[in-house]
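A.B. asks: I have a structure here, written as structure tokens, and I will follow up with some questions on it.
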Amino acid sequence: MKSELERRFLQHLYETGRRLPDQAQPLLPDYPARPDFYYEEARACVFCDGPVHDQPEVRAEDDRVRGDLRDLGYRMIVIRYDQDLEEQTQKYADVFG
């Protein structure tokens, strides 16, 4: 894991009895991007976005990569540093349980 947000996210999943990711920082077979976490059955890429992702140039690159992944049939889940973890995980109960 690369960030405090990633650690907090995993800890929250564990402590609330939710499904943990199948993979961390996987290299996807059909696109040169590494989501922070991946759920295989849901084809869900989880990106944990800290403050750096608020910068316009980083946001533009995120939008490009995530749009490409959506076009390939992946589902995008973005976990933000400035939002409540429980509220964010509840939005994706079909993935996290």
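In the structure tokens, chains take letters A, B, ... by order of appearance, with residues numbered from 1 within each chain and ligands from 1 in the order shown.
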For Tyr39 of chain A, list every protein, DNA or RNA residue within 6 Å, evaluated using only C-alpha atoms, and leave out those in the same chain fewer than 5 positions away; present the list as a PDB file with C-alpha atoms, in the first residue's frame.

C.D. replies:
ATOM      1  CA  PRO A  21     -10.207  -6.601  -2.330  1.00  0.00           C
ATOM      2  CA  ASP A  22      -9.002  -9.521  -4.399  1.00  0.00           C
ATOM      3  CA  ALA A  44     -14.370  -2.993  -9.971  1.00  0.00           C
TER       4      ALA A  44
END

A.B. asks: Could you give me, as a PyMOL selection string, the residues within 12 Å of segment 64-76 of chain A, counting only C-alpha atoms and dropping anything in the same chain fewer than 3 positions from it?

C.D. replies: chain A and resi 28-48+57-61+79+92+94-95

A.B. asks: Run DSSP on the backbone and give me the residues of chain A it puts in strand (DSSP E or B), as a ChimeraX atom specification.

C.D. replies: /A:23-24,37-39,44-49,75-80

A.B. asks: Selection from above, C-alpha atoms, as a compact mmCIF listing (two decimals), in the first residue's frame, can you write it?

C.D. replies:
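Generated file (out25.txt):
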# COMPACT_ATOMS: atom_id res chain seq x y z
CA GLN A 23 -5.87 -7.64 -5.43
CA ALA A 24 -3.85 -4.56 -4.51
CA PHE A 37 -7.48 -2.24 -5.36
CA TYR A 38 -9.43 -4.60 -7.57
CA TYR A 39 -12.53 -6.78 -7.10
CA ALA A 44 -14.37 -2.99 -9.97
CA CYS A 45 -11.30 -0.79 -9.83
CA VAL A 46 -10.95 1.12 -6.58
CA PHE A 47 -8.95 4.33 -6.56
CA CYS A 48 -8.15 6.00 -3.24
CA ASP A 49 -7.78 9.68 -4.05
CA ARG A 75 -16.40 -0.32 -12.92
CA MET A 76 -14.85 2.68 -11.20
CA ILE A 77 -15.05 3.27 -7.46
CA VAL A 78 -13.33 6.37 -6.12
CA ILE A 79 -12.69 6.68 -2.40
CA ARG A 80 -11.92 10.27 -1.47

A.B. asks: Measuring atom to atom with only C-alpha atoms, identify which of A:Gly97, A:Pro56, A:Tyr81, A:Pro51 is nearest to Phe9 of chain A.

C.D. replies: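 Nearest candidate to Phe9 of chain A out of A:Gly97, A:Pro56, A:Tyr81, A:Pro51: A:Tyr81.
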
A.B. asks: Restricting the calculation to only C-alpha atoms, which member of A:Leu85, A:Asp63, A:Thr16, A:Gln25 is positioned closest to Lys2 of chain A?

C.D. replies: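 Among A:Leu85, A:Asp63, A:Thr16, A:Gln25, it is A:Gln25 that comes nearest to Lys2 of chain A.
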